[in-house]
file target17.cif (mmCIF, C-alpha atoms and all ligand atoms)
data_run
loop_
_atom_site.label_atom_id
_atom_site.label_comp_id
_atom_site.auth_asym_id
_atom_site.auth_seq_id
_atom_site.Cartn_x
_atom_site.Cartn_y
_atom_site.Cartn_z
CA MET I 143 28.64 76.56 17.46
CA GLY I 144 26.98 73.22 17.12
CA LEU I 145 26.63 71.57 20.47
CA PHE I 146 26.88 68.33 18.61
CA LYS I 147 28.65 67.73 15.39
CA SER I 148 27.13 64.85 13.59
CA THR I 149 29.40 62.27 12.09
CA ILE I 150 28.08 60.83 8.92
CA SER I 151 29.28 57.30 9.50
CA ALA I 152 27.59 56.85 12.87
CA LEU I 153 24.29 58.15 11.60
CA ARG I 154 24.60 55.97 8.54
CA LYS I 155 25.14 52.98 10.73
CA GLY I 156 22.08 53.90 12.76
CA LEU I 157 20.02 54.27 9.65
CA GLY I 158 21.32 51.09 8.10
CA ARG I 159 18.04 49.27 8.44
CA THR I 160 16.07 52.22 7.19
CA ARG I 161 18.30 52.28 4.18
CA ASP I 162 17.73 48.59 3.58
CA ALA I 163 14.01 48.96 4.03
CA ILE I 164 13.60 51.78 1.59
CA THR I 165 16.40 51.50 -0.88
CA ALA I 166 16.28 47.78 -1.32
CA PRO I 167 12.91 48.02 -3.02
CA LEU I 168 13.35 51.50 -4.49
CA GLY I 169 16.86 51.34 -5.87
CA PRO I 170 16.49 48.33 -8.17
CA LEU I 171 12.92 49.31 -8.87
CA LEU I 172 13.65 52.83 -10.02
CA ARG I 173 17.14 53.07 -11.42
CA GLY I 174 17.22 52.54 -15.16
CA LYS I 175 13.48 51.92 -15.27
CA THR I 176 10.60 53.66 -16.94
CA LEU I 177 8.01 55.12 -14.58
CA ASP I 178 4.44 53.86 -14.77
CA ASP I 179 1.45 53.47 -12.48
CA ALA I 180 2.72 50.24 -10.99
CA THR I 181 6.14 51.64 -10.05
CA VAL I 182 4.52 54.68 -8.45
CA THR I 183 2.32 52.35 -6.39
CA GLU I 184 5.40 50.46 -5.27
CA ILE I 185 7.02 53.74 -4.22
CA GLU I 186 3.88 54.50 -2.23
CA THR I 187 4.01 51.14 -0.45
CA ALA I 188 7.69 51.57 0.38
CA LEU I 189 7.15 55.04 1.86
CA ILE I 190 4.22 53.90 3.99
CA LYS I 191 6.13 50.86 5.20
CA ALA I 192 8.94 53.15 6.32
CA ASP I 193 6.49 55.21 8.44
CA VAL I 194 6.93 58.31 6.32
CA GLY I 195 3.35 59.28 7.20
CA LEU I 196 0.17 59.13 5.18
CA ALA I 197 -0.19 62.82 4.38
CA THR I 198 3.39 63.22 3.19
CA THR I 199 3.22 60.00 1.22
CA ALA I 200 -0.09 60.96 -0.38
CA ALA I 201 1.22 64.39 -1.37
CA LEU I 202 4.43 63.01 -2.88
CA VAL I 203 2.78 60.13 -4.69
CA GLY I 204 0.01 62.40 -5.99
CA ASP I 205 2.61 64.72 -7.52
CA LEU I 206 4.50 61.77 -8.99
CA ARG I 207 1.36 60.32 -10.55
CA GLU I 208 0.48 63.60 -12.20
CA ALA I 209 3.97 64.13 -13.49
CA VAL I 210 3.99 60.65 -15.00
CA LYS I 211 0.52 61.08 -16.48
CA ASP I 212 1.37 64.45 -18.00
CA GLY I 213 4.54 63.05 -19.46
CA ARG I 214 6.76 65.36 -17.36
CA MET I 215 8.57 62.48 -15.73
CA HIS I 216 9.72 59.30 -17.41
CA ARG I 217 12.68 57.74 -15.69
CA GLY I 218 13.14 56.20 -12.26
CA GLU I 219 16.10 58.48 -11.57
CA GLU I 220 13.83 61.49 -11.98
CA ALA I 221 11.50 60.10 -9.31
CA ILE I 222 14.43 59.60 -6.96
CA ASP I 223 15.60 63.19 -7.52
CA PHE I 224 12.07 64.45 -6.99
CA LEU I 225 11.61 62.52 -3.72
CA ARG I 226 15.00 63.56 -2.38
CA SER I 227 14.37 67.20 -3.01
CA GLU I 228 10.80 67.15 -1.67
CA LEU I 229 11.72 65.29 1.52
CA GLY I 230 14.77 67.50 1.96
CA GLN I 231 12.63 70.61 1.77
CA ARG I 232 10.26 69.24 4.35
CA LEU I 233 13.08 68.69 6.82
CA SER I 234 15.26 71.69 6.17
CA SER I 235 13.12 74.47 7.59
CA THR I 236 14.09 74.39 11.23
CA ASN I 237 17.01 75.16 13.44
CA LEU I 238 18.28 71.82 14.64
CA GLU I 239 20.96 72.94 17.05
CA LEU I 240 20.34 72.84 20.76
CA ALA I 241 19.69 76.25 22.25
CA ARG I 242 22.43 77.71 24.38
CA SER I 243 21.90 80.36 27.01
CA ASP I 244 24.18 83.41 26.96
CA THR I 245 24.38 83.19 30.70
CA PRO I 246 25.11 79.66 31.92
CA PRO I 247 23.69 77.31 32.83
CA THR I 248 21.75 76.24 29.79
CA VAL I 249 18.94 74.15 31.23
CA ILE I 250 17.69 71.15 29.28
CA LEU I 251 14.55 69.42 30.52
CA VAL I 252 14.00 65.90 29.23
CA ALA I 253 10.52 64.40 29.19
CA GLY I 254 8.73 61.39 27.78
CA VAL I 255 6.77 58.30 28.75
CA ASN I 256 8.25 55.35 30.56
CA GLY I 257 10.88 53.28 28.77
CA VAL I 258 11.34 55.43 25.67
CA GLY I 259 14.98 56.19 26.48
CA LYS I 260 15.01 59.39 28.56
CA THR I 261 17.64 58.44 31.11
CA THR I 262 19.89 56.89 28.51
CA SER I 263 19.54 59.98 26.34
CA VAL I 264 20.37 62.25 29.28
CA ALA I 265 23.54 60.24 29.91
CA LYS I 266 24.43 60.36 26.22
CA ILE I 267 23.86 64.12 25.99
CA ALA I 268 25.95 64.65 29.13
CA TYR I 269 28.69 62.55 27.60
CA ALA I 270 28.59 64.42 24.27
CA LEU I 271 28.78 67.76 26.06
CA MET I 272 31.69 66.60 28.18
CA GLN I 273 33.51 65.63 24.98
CA GLU I 274 33.15 69.29 24.03
CA ASP I 275 34.67 70.35 27.35
CA ARG I 276 31.45 71.64 28.79
CA SER I 277 30.72 71.14 32.45
CA VAL I 278 27.52 69.24 33.09
CA LEU I 279 25.28 68.68 36.06
CA VAL I 280 22.42 66.18 35.94
CA ALA I 281 19.29 66.24 38.07
CA ALA I 282 17.77 62.84 38.79
CA ALA I 283 14.22 64.10 39.05
CA ASP I 284 12.67 60.70 38.44
CA THR I 285 12.24 59.90 42.11
CA TYR I 286 9.33 57.51 41.66
CA ARG I 287 11.51 54.47 41.33
CA ALA I 288 14.70 53.94 43.30
CA ALA I 289 16.03 52.06 40.27
CA ALA I 290 15.76 55.20 38.15
CA VAL I 291 18.05 57.21 40.42
CA GLU I 292 20.34 54.19 40.67
CA GLN I 293 20.53 53.97 36.87
CA LEU I 294 21.68 57.58 36.59
CA GLY I 295 24.06 57.01 39.49
CA ILE I 296 25.77 54.28 37.48
CA TRP I 297 26.02 56.49 34.39
CA SER I 298 27.39 59.38 36.43
CA GLU I 299 30.15 57.21 37.86
CA ARG I 300 30.94 55.63 34.54
CA LEU I 301 31.01 58.86 32.57
CA GLY I 302 32.12 61.20 35.35
CA PHE I 303 29.35 63.77 35.57
CA ASP I 304 27.91 65.19 38.78
CA LEU I 305 24.44 64.23 39.87
CA VAL I 306 21.90 65.87 42.13
CA ARG I 307 19.55 63.30 43.52
CA GLY I 308 16.71 63.20 45.97
CA GLN I 309 15.55 60.41 48.19
CA ALA I 310 13.32 57.86 46.52
CA GLY I 311 9.82 59.26 46.76
CA ALA I 312 11.04 62.85 47.13
CA ASP I 313 9.25 65.60 45.25
CA PRO I 314 10.82 65.73 41.76
CA ALA I 315 10.29 69.48 41.68
CA ALA I 316 12.35 69.82 44.86
CA VAL I 317 15.18 67.89 43.21
CA ALA I 318 14.94 70.15 40.17
CA PHE I 319 15.04 73.20 42.44
CA ASP I 320 18.12 71.97 44.32
CA ALA I 321 19.83 71.07 41.07
CA THR I 322 19.19 74.51 39.59
CA GLU I 323 20.62 76.11 42.72
CA ALA I 324 23.67 73.85 42.52
CA ALA I 325 24.13 74.54 38.81
CA LEU I 326 24.15 78.28 39.47
CA ALA I 327 26.46 77.98 42.47
CA ARG I 328 28.91 75.71 40.64
CA GLU I 329 28.67 77.75 37.44
CA VAL I 330 28.23 74.71 35.22
CA ASP I 331 27.59 75.14 31.52
CA VAL I 332 24.64 72.80 31.23
CA LEU I 333 22.05 71.41 33.61
CA LEU I 334 20.21 68.34 32.35
CA VAL I 335 17.00 67.37 34.12
CA ASP I 336 15.84 63.75 33.80
CA THR I 337 12.19 63.26 34.65
CA ALA I 338 9.80 60.42 35.37
CA GLY I 339 7.70 58.86 32.67
CA ARG I 340 5.30 56.93 34.83
CA MET I 341 2.70 58.38 37.12
CA HIS I 342 -0.63 57.20 38.38
CA ASN I 343 -2.23 59.06 35.51
CA GLU I 344 -1.29 61.26 32.61
CA GLN I 345 -2.63 64.38 34.27
CA GLY I 346 -0.39 63.80 37.27
CA LEU I 347 2.61 63.38 34.99
CA MET I 348 1.87 66.58 33.09
CA ARG I 349 1.26 68.53 36.30
CA GLN I 350 4.57 67.34 37.63
CA LEU I 351 6.35 68.57 34.52
CA THR I 352 4.79 72.02 34.76
CA LYS I 353 5.79 72.17 38.40
CA ILE I 354 9.39 71.23 37.58
CA GLN I 355 9.43 73.92 34.91
CA SER I 356 8.14 76.57 37.27
CA VAL I 357 10.60 75.83 40.08
CA ILE I 358 13.46 76.08 37.60
CA ARG I 359 12.08 79.44 36.46
CA LYS I 360 12.06 80.77 39.99
CA GLN I 361 15.84 80.90 39.76
CA ILE I 362 16.39 81.20 36.00
CA PRO I 363 13.40 82.99 34.44
CA ASP I 364 14.18 82.11 30.81
CA ALA I 365 14.84 78.43 31.55
CA PRO I 366 14.45 75.67 30.55
CA HIS I 367 16.15 76.63 27.30
CA GLU I 368 15.33 73.30 25.76
CA VAL I 369 12.42 71.01 26.53
CA LEU I 370 13.22 67.78 24.74
CA LEU I 371 10.64 65.07 24.32
CA VAL I 372 12.11 61.62 23.93
CA LEU I 373 10.22 59.33 21.57
CA ASP I 374 10.89 55.70 20.78
CA ALA I 375 11.29 55.32 17.02
CA THR I 376 9.98 51.75 17.15
CA GLN I 377 6.60 52.90 18.49
CA GLY I 378 5.34 54.45 15.25
CA GLN I 379 1.98 56.19 15.49
CA ASN I 380 1.96 55.73 19.26
CA ALA I 381 5.00 58.01 19.49
CA LEU I 382 3.05 60.67 17.62
CA ALA I 383 0.17 60.38 20.07
CA GLN I 384 2.58 60.85 22.98
CA ALA I 385 4.00 64.00 21.43
CA GLN I 386 0.50 65.41 20.93
CA ALA I 387 -0.29 64.83 24.61
CA PHE I 388 2.93 66.36 25.91
CA ARG I 389 2.78 69.44 23.81
CA GLU I 390 -0.63 70.31 25.14
CA THR I 391 1.03 70.82 28.51
CA ILE I 392 4.51 72.05 27.85
CA ASP I 393 6.25 73.98 25.08
CA LEU I 394 8.45 71.40 23.45
CA THR I 395 11.52 72.73 21.68
CA GLY I 396 12.70 69.49 20.14
CA ILE I 397 12.46 65.75 19.87
CA VAL I 398 15.06 63.15 20.72
CA LEU I 399 14.20 60.16 18.58
CA ALA I 400 15.68 57.21 20.46
CA LYS I 401 16.14 53.64 19.19
CA LEU I 402 16.37 54.60 15.55
CA ASP I 403 18.78 51.68 15.31
CA GLY I 404 16.00 49.31 16.31
CA THR I 405 13.62 50.02 13.48
CA ALA I 406 13.36 49.82 9.73
CA ARG I 407 10.97 52.73 9.92
CA GLY I 408 13.20 55.77 9.95
CA GLY I 409 10.56 57.58 7.94
CA ILE I 410 8.97 58.34 11.31
CA VAL I 411 11.20 61.43 11.34
CA LEU I 412 9.14 62.76 8.44
CA ALA I 413 5.86 61.74 10.02
CA ILE I 414 6.79 63.63 13.20
CA HIS I 415 7.69 66.66 11.18
CA GLU I 416 4.47 66.44 9.22
CA ALA I 417 2.19 65.94 12.21
CA LEU I 418 3.82 68.10 14.87
CA ASP I 419 6.14 70.65 13.37
CA ILE I 420 8.59 70.08 16.21
CA PRO I 421 12.11 69.43 14.98
CA VAL I 422 13.85 66.14 15.62
CA LYS I 423 17.11 67.48 17.02
CA LEU I 424 18.86 64.34 18.18
CA VAL I 425 18.65 60.68 17.30
CA GLY I 426 19.59 57.72 19.48
CA VAL I 427 21.25 54.93 17.54
CA GLY I 428 22.24 52.43 20.23
CA GLU I 429 22.73 51.85 23.93
CA ARG I 430 26.28 53.14 24.34
CA PRO I 431 27.05 56.67 25.54
CA GLU I 432 28.38 57.66 22.13
CA ASP I 433 25.26 56.41 20.35
CA ILE I 434 23.61 59.78 19.92
CA GLU I 435 23.81 62.10 16.96
CA ALA I 436 22.65 65.52 15.95
CA PHE I 437 19.93 64.98 13.41
CA ASP I 438 21.19 65.98 9.99
CA PRO I 439 18.47 66.14 7.31
CA GLY I 440 20.96 65.94 4.46
CA VAL I 441 22.57 62.81 5.79
CA PHE I 442 19.18 61.35 6.65
CA ILE I 443 17.82 61.81 3.12
CA GLU I 444 21.03 60.49 1.67
CA ALA I 445 20.77 57.43 3.88
CA LEU I 446 17.15 56.91 2.87
CA PHE I 447 17.87 56.81 -0.83
CA ASP I 448 21.45 55.85 -1.45
CA ALA I 449 22.50 52.31 -0.86
N1 LIG P 501 18.86 50.17 20.86
C1 LIG P 501 18.68 51.28 21.59
N2 LIG P 501 18.25 51.16 22.87
C2 LIG P 501 18.07 52.29 23.58
C3 LIG P 501 18.29 53.59 23.02
N3 LIG P 501 18.00 54.50 23.97
C4 LIG P 501 17.62 53.81 25.08
N4 LIG P 501 17.64 52.47 24.85
C5 LIG P 501 17.28 51.39 25.78
O1 LIG P 501 15.91 51.52 26.12
C6 LIG P 501 15.69 51.08 27.46
C7 LIG P 501 14.96 52.14 28.27
O2 LIG P 501 15.80 53.27 28.38
P1 LIG P 501 15.69 54.32 29.58
O3 LIG P 501 16.70 55.38 29.27
O4 LIG P 501 15.80 53.66 30.89
O5 LIG P 501 14.22 54.87 29.37
P2 LIG P 501 13.38 55.89 30.27
O6 LIG P 501 12.42 55.07 31.09
O7 LIG P 501 12.65 56.76 29.31
O8 LIG P 501 14.33 56.66 31.12
C8 LIG P 501 17.06 50.74 28.02
O9 LIG P 501 17.26 49.36 27.94
C9 LIG P 501 18.02 51.47 27.09
O10 LIG P 501 19.28 50.85 27.01
C10 LIG P 501 18.74 53.66 21.63
O11 LIG P 501 18.94 54.74 21.04
N5 LIG P 501 18.90 52.48 20.98
MG MG P 502 14.41 56.98 33.16
#

call {"tool": "encode", "arguments": {"input": "target17.cif", "output": "structure tokens"}}
result
Amino acid sequence: MGLFKSTISALRKGLGRTRDAITAPLGPLLRGKTLDDATVTEIETALIKADVGLATTAALVGDLREAVKDGRMHRGEEAIDFLRSELGQRLSSTNLELARSDTPPTVILVAGVNGVGKTTSVAKIAYALMQEDRSVLVAAADTYRAAAVEQLGIWSERLGFDLVRGQAGADPAAVAFDATEAALAREVDVLLVDTAGRMHNEQGLMRQLTKIQSVIRKQIPDAPHEVLLVLDATQGQNALAQAQAFRETIDLTGIVLAKLDGTARGGIVLAIHEALDIPVKLVGVGERPEDIEAFDPGVFIEALFDA
């Protein structure tokens, strides 16, 4: 199983700045120290700065304060253990593997607003699947800009996956329909559908997505098997607002958190979990095809706390 096996070192590299941001203040602050009100406040500041999310931070810090006050917790190391276990529990509940259909193709629809990293993520996912000897077909259903189709064209040549494209300005749903037909005819393992992020208005964008979904279902009733929303980790609360908007229209099955390498705020993973209850399944940690990883809560927590 495991469409993607995460490698600890790559994820660590991606989370390097998160680690610096959180551990740099927390490590020296907590190890070998006695806990008091001031240290707990510093923990609070560090968690908020890392985008962990206000509710999660408040809950954790509230528990810490009580434990210190009641004399149940004395040492910095105890606080670290407490935080690791609490954060771990919050992230461990969900199935993080990509769904796979018993009858191929598995259809993966990729959505998100403009510039967050959809097309790059599609190329990366295609590449990762090809490394696992799975056949991949990609639908370039962002037909609003010629450059978008062009961009996927370059990736497809570079990485060697097949592409179904429409004319610029063609109906994206028609491209998705053709691609589904081709995926069935060619018996590929996985069909990835890249979509547009920019429309004249949000309603138009959401309607387009529903339409794409329904034309895919005409040929494969239980598809798409994954609807991945790509979010840009550097966008903080704005990313959360995007997810709220998308999930009102379409049943999201997972998040791809792109550009985690570009932020010191890896705690956004926890904020997403707290606010949306949609699992972060993949993380983007760079611009190269290999810069994508399965999200691994254990590794993530480890990276957050261990320098
Ligand atoms: N550093 C970094 N850049 C990324 C990542 N994913 C995408 N990008 C860059 O973000 C920009 C927009 O990506 P693109 O895939 O075109 O976004 P789209 O409009 O959602 O399809 C491009 O310059 C990508 O190279 C990532 O994980 N890390
Ligand atoms: Mg794109």

call {"tool": "residues_near_ligand", "arguments": {"input": "target17.cif", "ligand": "ligand MG 502 (chain P)", "cutoff": "8 Å", "atoms": "only C-alpha atoms and all ligand atoms", "output": "number ranges by chain"}}
result
I: 256-257, 259-262, 284, 290, 293, 336-339

call {"tool": "closest_residue", "arguments": {"input": "target17.cif", "among": "I:Leu301, I:Ala289, I:Ala445, I:Leu333", "to": "ligand LIG 501 (chain P)", "atoms": "only C-alpha atoms and all ligand atoms"}}
result
I:Ala289

call {"tool": "residues_near_point", "arguments": {"input": "target17.cif", "point": "(6.3, 67.0, 27.2)", "cutoff": "8 Å", "atoms": "only C-alpha atoms", "output": "PyMOL selection string"}}
result
chain I and resi 253-254+348+351+369-371+385+387-394

call {"tool": "atom_distance", "arguments": {"input": "target17.cif", "atom1": "CA of Asp438 (chain I)", "atom2": "CA of Lys423 (chain I)"}}
result
8.3 Å

call {"tool": "closest_residue", "arguments": {"input": "target17.cif", "among": "I:Leu238, I:Glu444, I:Glu435, I:Ile222", "to": "Leu271 (chain I)", "atoms": "only C-alpha atoms"}}
result
I:Glu435

call {"tool": "atom_distance", "arguments": {"input": "target17.cif", "atom1": "CA of Gly409 (chain I)", "atom2": "CA of Thr199 (chain I)"}}
result
10.2 Å

call {"tool": "closest_residue", "arguments": {"input": "target17.cif", "among": "I:His367, I:Ile397, I:Asp179, I:Asp244", "to": "His415 (chain I)", "atoms": "all atoms listed in the file"}}
result
I:Ile397

call {"tool": "atom_distance", "arguments": {"input": "target17.cif", "atom1": "CA of Val372 (chain I)", "atom2": "CA of Gln309 (chain I)"}}
result
24.5 Å

call {"tool": "closest_residue", "arguments": {"input": "target17.cif", "among": "I:Ile358, I:Ala209, I:Val255, I:Val422", "to": "Glu323 (chain I)", "atoms": "all atoms listed in the file"}}
result
I:Ile358

call {"tool": "residues_around", "arguments": {"input": "target17.cif", "residues": "Ala316 (chain I)", "least_positions_apart": "2", "cutoff": "10 Å", "atoms": "all atoms listed in the file", "output": "ChimeraX atom specification"}}
result
/I:283,307-308,312-314,318-322,353-354,357-358

call {"tool": "residues_around", "arguments": {"input": "target17.cif", "residues": "Leu229 (chain I)", "least_positions_apart": "2", "cutoff": "9 Å", "atoms": "only C-alpha atoms", "output": "VMD selection string"}}
result
chain I and resid 198 202 224 to 227 231 to 234 412 439 443

call {"tool": "write_last_selection", "arguments": {"input": "target17.cif", "atoms": "C-alpha atoms", "output": "PDB file, in the frame of the given file"}}
result
ATOM      1  CA  THR I 198       3.390  63.220   3.190  1.00  0.00           C
ATOM      2  CA  LEU I 202       4.430  63.010  -2.880  1.00  0.00           C
ATOM      3  CA  PHE I 224      12.070  64.450  -6.990  1.00  0.00           C
ATOM      4  CA  LEU I 225      11.610  62.520  -3.720  1.00  0.00           C
ATOM      5  CA  ARG I 226      15.000  63.560  -2.380  1.00  0.00           C
ATOM      6  CA  SER I 227      14.370  67.200  -3.010  1.00  0.00           C
ATOM      7  CA  GLN I 231      12.630  70.610   1.770  1.00  0.00           C
ATOM      8  CA  ARG I 232      10.260  69.240   4.350  1.00  0.00           C
ATOM      9  CA  LEU I 233      13.080  68.690   6.820  1.00  0.00           C
ATOM     10  CA  SER I 234      15.260  71.690   6.170  1.00  0.00           C
ATOM     11  CA  LEU I 412       9.140  62.760   8.440  1.00  0.00           C
ATOM     12  CA  PRO I 439      18.470  66.140   7.310  1.00  0.00           C
ATOM     13  CA  ILE I 443      17.820  61.810   3.120  1.00  0.00           C
TER      14      ILE I 443
END

call {"tool": "residues_around", "arguments": {"input": "target17.cif", "residues": "Gly174 (chain I)", "least_positions_apart": "5", "cutoff": "8 Å", "atoms": "all atoms listed in the file", "output": "PDB file with C-alpha atoms, keeping the file's coordinate frame"}}
result
ATOM      1  CA  ARG I 217      12.680  57.740 -15.690  1.00  0.00           C
ATOM      2  CA  GLY I 218      13.140  56.200 -12.260  1.00  0.00           C
ATOM      3  CA  GLU I 219      16.100  58.480 -11.570  1.00  0.00           C
TER       4      GLU I 219
END

call {"tool": "closest_residue", "arguments": {"input": "target17.cif", "among": "I:Ala413, I:Val317, I:Ala282, I:Val210", "to": "Ala197 (chain I)", "atoms": "all atoms listed in the file"}}
result
I:Ala413
